[in-house]
Amino acid sequence: MLFSRGAVATAVLRRTFRPSSSAVASSSSAAELLFGADVRGQTPSSANNGKVSPHLKVATSAYSTTASICQSSSINEPNPSLFHSDRFSGAALDADQADAVSAVVREDLDALLRADVRAMGSLLGNIIQERNGEDIFNKVEQLRTLAKKWRKAGAGRDASRAAEADEIFSGMSEFAASLSTEDLTTVARAFTHFLAIANAAEAHHRARLIRTDVKINARNPGYVGALSTKRDSCGGAIPHLVNELGIDPKAVYNTLINQTVELVLTAHPTEVNRRTILDKQKRVQEVLTEADAMRSSGPVSIYGESLLNDPLNREISAIWQSDEVSRRKPTPQMEAERSTLVIETVLWKAVPSFLRKLNATMKSVLGEEHGLPLDAAPIKFASWMGGDRDGNPNVTPDVTREVCLANRAKAARLFAADVKLAQSKLSITNCSEELRSIVGDAREPYRAFFQPVIEKLEMTAVWAQDKLDRLEAEGTIEGGDNISTDDIYLYKKDLMDDLMLVHRSLCETGNAISADGILTDIIRNVSAFGLTLVPLDVRQESDRHEEALDCITRHLGLGSYAQWDEETRLSWLQQELSSKRPLLRPGEWYDAPDIFTPTAIDTLETFQMIEEQYEESLGAYVISQCTSSSDIMAVLLLQRDAGVKKLLRVAPLFETLDDLQGAAATMDALFSISAYKGNIDGKQEVMIGYSDSAKDAGRLAASWAQYETQEALVEVAKKHDIDMTFFHGKGGTVGRGGNPATFNAILAHAPNTINGQFRVTEQGEMINQNFGFGDRAERTMNIFTAAVLSEMHTPRPTPTPEWRDMMAKISDISCAAYRGIVREDERFVPYFRSATPELELSELNIGSRPAKRKATGGVESLRAIPWNFSWTQTRLNLPTWLGVGEAISEILASSDGDTLRQMYKEWTSFSTTIDLVEMVLAKSEPSIAAHYDQMLVHEDKAKELGQHVRKIHGETESAVLELTGHTELSEDNAVLRRALQVRNPYCDSLNILQAETLKRLRNCDDSNEVEKKLLKDALLTTITGVANGMGNTG
């Protein structure tokens, strides 16, 4: 239990906060968190009618009866509860006890986490027994026990125990083979749900540690206690810059009020958990947070315990009895609705809460006069959901119209509710002359002023909803308007002006404290979200624009644009941009069906949709697969021809190695064209593609190309007097540019490339991980803000010419090694498609877009997400490390070895990349990957390649260890090592079950629909489980 029935007393404070010795002993092994410590002298019964394989007998010889497992395993702990006196007695963490808390935190920081997981694991175990019977429970425990023994035997990495490990592993495989399909699915669900529960507990614990840090430091002189003092928090970064680096407080202030982090939510299909399950996991975290608060208040009554134990039991029971498999693909509208749900339920409160804390921290450190201005927006949000049509035919012009209208309706409703609340609070009778001149002699002037504001917001919601309903019913938004745009809010400035008038009046009449209440929060949200909630980016691939222009030029009798060379294209584009004559009238493309293809029409209709949108509804127009200046000019011309009044900024996306290396020349040529430069107001956004460049050239070569490209583009921008902002297209995995250490990742960027403006994608599962809960969302925004601030003022080494030469050399070596396997080895595609669940991933209903941009083609047309997703599932993680070991080994063996070691020690940009590769290697498991080969790969040549790749994996581990000077992978990352110790046995079990499921599914007769459906469910369950265990998908 998490709660003590005993009183909290200062005299026994150390015992109060410290877990009892029995609790520490019972939970000291992280791998025992769910199903508990081994109970010696007991043996679970085997599956398959009591027949035990020789391997299973060896692996479980320490056990004698199944019943005693259920009696002693912690998954079946009697009366699991959040209040357990023998685990620890209370956990009050008030500031008065800060010193004692600090001591306890140092002694056993993670005791509360272990207790949380143990209590919830026991609840899950009890529910499994109640709902599915002891036999299923025993099978779950048997597989977990085997997995744990395999880990203790070295998991195939300890040569001295290889035979023992192989025998245990064979027992795991035979055990999985003995399960019926129904039991296989149920056992997989048990492991999957435990890992999800563990994720919820860990996410809660991270927030708890932040709160503890604040309370521990509460007594420090000058510490306001709003934000954590950690290095990657504004509560630590701002004092560090001022007090330790000696940066002028005014300079820090100016940076903070001018910098912007824009987080772009995308619908990349990497969130494998259903929204229903995520909501229940969120409720579990809420219960844990309430438990912390209740513990801190002292003794808890039996009734008080039940107020949290019962809801926790209900949620976990509901999770177990819910269908975790998505039965249909989401539409783009559904994806967009999910993003607005995150805003409505979490960010709407989290953003002003974080900014309030940032304001307090700034005043405390920088001076009272240096608080955060009301109109400052250090954090903003945008979205691709409903606007990203790259390779997704489901995103039509009408879809984008629908999402824009739905977002406006939602924003208006949220603001109306908040203004109503402000109206109810502001019963003050005195006001400024400015406000009095508007409300006349109203007794309660603020309430009187707010009434038409509320009505206007409500009318805005009705206007948007009416248009949305008409679009869905009739396919058009034209006609039938009963509400004039004069009676609604279209632009955030109009609402902001009204709110600021009230704020001024309150401050002028001595009511600044009232102005700083909910009114300030509303104003902050207007700055962050505006009246569109999130502006949508539009994204489309360059070929579609080329096709549309080719249809136009042929229709006009000018020849084929597609066949023109770059010089001819640029000349024509420049001529047309300088002309006021439109190329086509709206809808003219329907008059020539023999020329205008359906996809060209869709592209042209998209630009007509852009023309219809009110300002602030849309953000950037992103061009994927951009390779030339004409690709960018084309989008500018198509906007102009459609009559777009305020042109969307055009952001080229450079995403392959060749495109990155040619980006500077492309933009230099573009900025030299007056017709283009005259249309961009001295500003340019460029998107850097991390996923596809890594898929194209390997992680190491891609990282260096991204670094050099941004440096070169900055120089081009300076040459042409252009203010350039980079948009970073990163995914959750390292293979797609992700880095769990966000603060370090931002500081690893090339100097002078961020300059206070940081735009980055938040994709798929990362949205829930970073913004699914209030504390977590605030922490994420805090890290980004602190990192962009620190990046501006923290001195960092720039690469010397010698280091640059070295990077070029290792990039070439690694790229050649990577492509030698992925592109040039004829065995690779058959191996990839048989050894991984790549072909089956299309069954996952987690995204609206296809897995490939084009229906035909091989690995080169496969998107980066399923590419990384597949290798993550088999635990090989090949895209991240392939090519790295060859480059490191070759250089270390040469006379340049000392230079490479110096780079790792002194250049954080390089060491960050190597540390990420090391982390992924630590999370990889070649023995698991070998099992997939054994079960699923049948061609001899493909099997040979699998053996060769695993040999390279081992050599890469050795090379990284030699470079870093470590004796074990990630030996200085204690958090990762503890997490892997917890998760590995459960992930191992799921991998065994997944390989067995894939084998059965691929051998299943298509006519056996019932069996095939069960196997698909089992596969999707294991995919979800492995993703939960690894912390990411694609």
# chains A, B, ... in the order shown; residues from 1 in each chain; ligands from 1
>>> residues_around(residues="Leu980 (chain A)", least_positions_apart="5", cutoff="10 Å", atoms="only C-alpha atoms", output="list in words")
Ala30, Ala31, Ala922, Lys923, Ala974, Val975, Pro985, Tyr986, Cys987, Gly1029 and Met1030 of chain A
>>> select_by_dssp(residues="region 841-1005 of chain A", states="alpha helix (DSSP H)", output="ChimeraX atom specification")
/A:864-873,878-881,884-892,897-906,908-923,926-936,940-964,974-1003
>>> residues_around(residues="region 676-678 of chain A", least_positions_apart="3", cutoff="12 Å", atoms="only C-alpha atoms", output="PyMOL selection string")
chain A and resi 570-571+573-578+629-630+632-637+640+647+649-650+667-673+681-684+717+720-723
>>> write_last_selection(atoms="C-alpha atoms", output="mmCIF file, in the first residue's frame")
data_model
loop_
_atom_site.group_PDB
_atom_site.id
_atom_site.type_symbol
_atom_site.label_atom_id
_atom_site.label_comp_id
_atom_site.auth_asym_id
_atom_site.auth_seq_id
_atom_site.Cartn_x
_atom_site.Cartn_y
_atom_site.Cartn_z
ATOM 1 C CA LEU A 570 12.504 29.471 -62.969
ATOM 2 C CA SER A 571 12.276 31.924 -65.841
ATOM 3 C CA LEU A 573 7.747 31.138 -62.703
ATOM 4 C CA GLN A 574 9.415 34.511 -62.212
ATOM 5 C CA GLN A 575 7.568 35.937 -65.213
ATOM 6 C CA GLU A 576 4.200 34.723 -63.927
ATOM 7 C CA LEU A 577 4.840 35.965 -60.396
ATOM 8 C CA SER A 578 5.533 39.408 -61.804
ATOM 9 C CA SER A 629 14.321 26.384 -56.175
ATOM 10 C CA SER A 630 11.506 25.858 -58.649
ATOM 11 C CA ILE A 632 9.469 26.504 -53.795
ATOM 12 C CA MET A 633 8.593 29.091 -56.445
ATOM 13 C CA ALA A 634 5.841 26.778 -57.698
ATOM 14 C CA VAL A 635 3.952 26.916 -54.398
ATOM 15 C CA LEU A 636 4.274 30.687 -54.240
ATOM 16 C CA LEU A 637 2.830 30.995 -57.752
ATOM 17 C CA ARG A 640 -0.890 33.865 -55.963
ATOM 18 C CA LEU A 647 0.458 34.256 -48.626
ATOM 19 C CA ARG A 649 5.018 31.155 -45.690
ATOM 20 C CA VAL A 650 6.525 28.432 -47.872
ATOM 21 C CA MET A 667 18.159 28.680 -51.203
ATOM 22 C CA ASP A 668 20.994 30.887 -52.445
ATOM 23 C CA ALA A 669 19.604 30.679 -55.963
ATOM 24 C CA LEU A 670 16.083 31.303 -54.675
ATOM 25 C CA PHE A 671 16.995 34.411 -52.678
ATOM 26 C CA SER A 672 18.677 35.813 -55.782
ATOM 27 C CA ILE A 673 15.303 35.943 -57.557
ATOM 28 C CA ASP A 681 8.971 40.033 -46.194
ATOM 29 C CA GLY A 682 12.579 39.169 -45.354
ATOM 30 C CA LYS A 683 11.659 35.908 -43.587
ATOM 31 C CA GLN A 684 12.149 32.284 -44.537
ATOM 32 C CA ALA A 717 20.450 33.922 -45.036
ATOM 33 C CA HIS A 720 20.721 37.925 -48.482
ATOM 34 C CA ASP A 721 19.615 39.672 -45.277
ATOM 35 C CA ILE A 722 16.952 37.050 -44.532
ATOM 36 C CA ASP A 723 15.696 36.104 -41.071
#
>>> residues_around(residues="region 504-513 of chain A", least_positions_apart="2", cutoff="12 Å", atoms="only C-alpha atoms", output="NGL selection string")
:A and (374 or 426-438 or 445-446 or 449 or 496-502 or 515-520)
>>> residues_around(residues="Ser383 (chain A)", least_positions_apart="2", cutoff="10 Å", atoms="only C-alpha atoms", output="list in words")
Glu262, Leu263, Val264, Leu265, Thr266, Ala267, Ala336, Ser339, Thr340, Phe381, Met385, Gly386, Gly387, Asp388, Leu533, Val534, Pro535, Leu536, Asp537, Val538, Leu618, Gly619, Thr761 and Glu762 of chain A
>>> select_by_dssp(residues="region 261-453 of chain A", states="strand (DSSP E)", output="MDAnalysis selection string")
chainID A and resid 261:266 379:383
>>> write_last_selection(atoms="C-alpha atoms", output="PDB file, in the first residue's frame")
ATOM      1  CA  VAL A 261       9.044  27.529 -29.127  1.00  0.00           C
ATOM      2  CA  GLU A 262       6.311  26.316 -31.479  1.00  0.00           C
ATOM      3  CA  LEU A 263       5.333  22.702 -30.950  1.00  0.00           C
ATOM      4  CA  VAL A 264       3.632  21.250 -34.014  1.00  0.00           C
ATOM      5  CA  LEU A 265       1.328  18.325 -33.265  1.00  0.00           C
ATOM      6  CA  THR A 266       1.302  15.782 -36.075  1.00  0.00           C
ATOM      7  CA  ILE A 379       5.215  28.552 -26.084  1.00  0.00           C
ATOM      8  CA  LYS A 380       2.865  28.142 -29.048  1.00  0.00           C
ATOM      9  CA  PHE A 381       1.174  25.198 -30.690  1.00  0.00           C
ATOM     10  CA  ALA A 382       0.343  24.344 -34.286  1.00  0.00           C
ATOM     11  CA  SER A 383      -0.871  21.195 -35.999  1.00  0.00           C
TER      12      SER A 383
END
>>> residues_around(residues="Leu184 (chain A)", least_positions_apart="6", cutoff="8 Å", atoms="only C-alpha atoms", output="VMD selection string")
chain A and resid 176 993 1018
>>> residues_around(residues="region 243-245 of chain A", least_positions_apart="3", cutoff="10 Å", atoms="only C-alpha atoms", output="list in words")
Ala237, Ile238, Pro239, His240, Asp248, Pro249, Val365, His793, Thr794 and Pro795 of chain A
>>> closest_residue(among="A:Leu916, A:Leu549, A:Leu841, A:Ile257", to="Ala745 (chain A)", atoms="only C-alpha atoms")
A:Leu916
>>> atom_distance(atom1="CA of Ile552 (chain A)", atom2="CA of Glu605 (chain A)")
13.4 Å
>>> atom_distance(atom1="CA of Leu355 (chain A)", atom2="CA of Thr260 (chain A)")
12.7 Å
>>> atom_distance(atom1="CA of Gln981 (chain A)", atom2="CA of Trp150 (chain A)")
12.4 Å
>>> closest_residue(among="A:Val760, A:Ala293, A:Val714, A:Met806", to="Ala663 (chain A)", atoms="only C-alpha atoms")
A:Val714
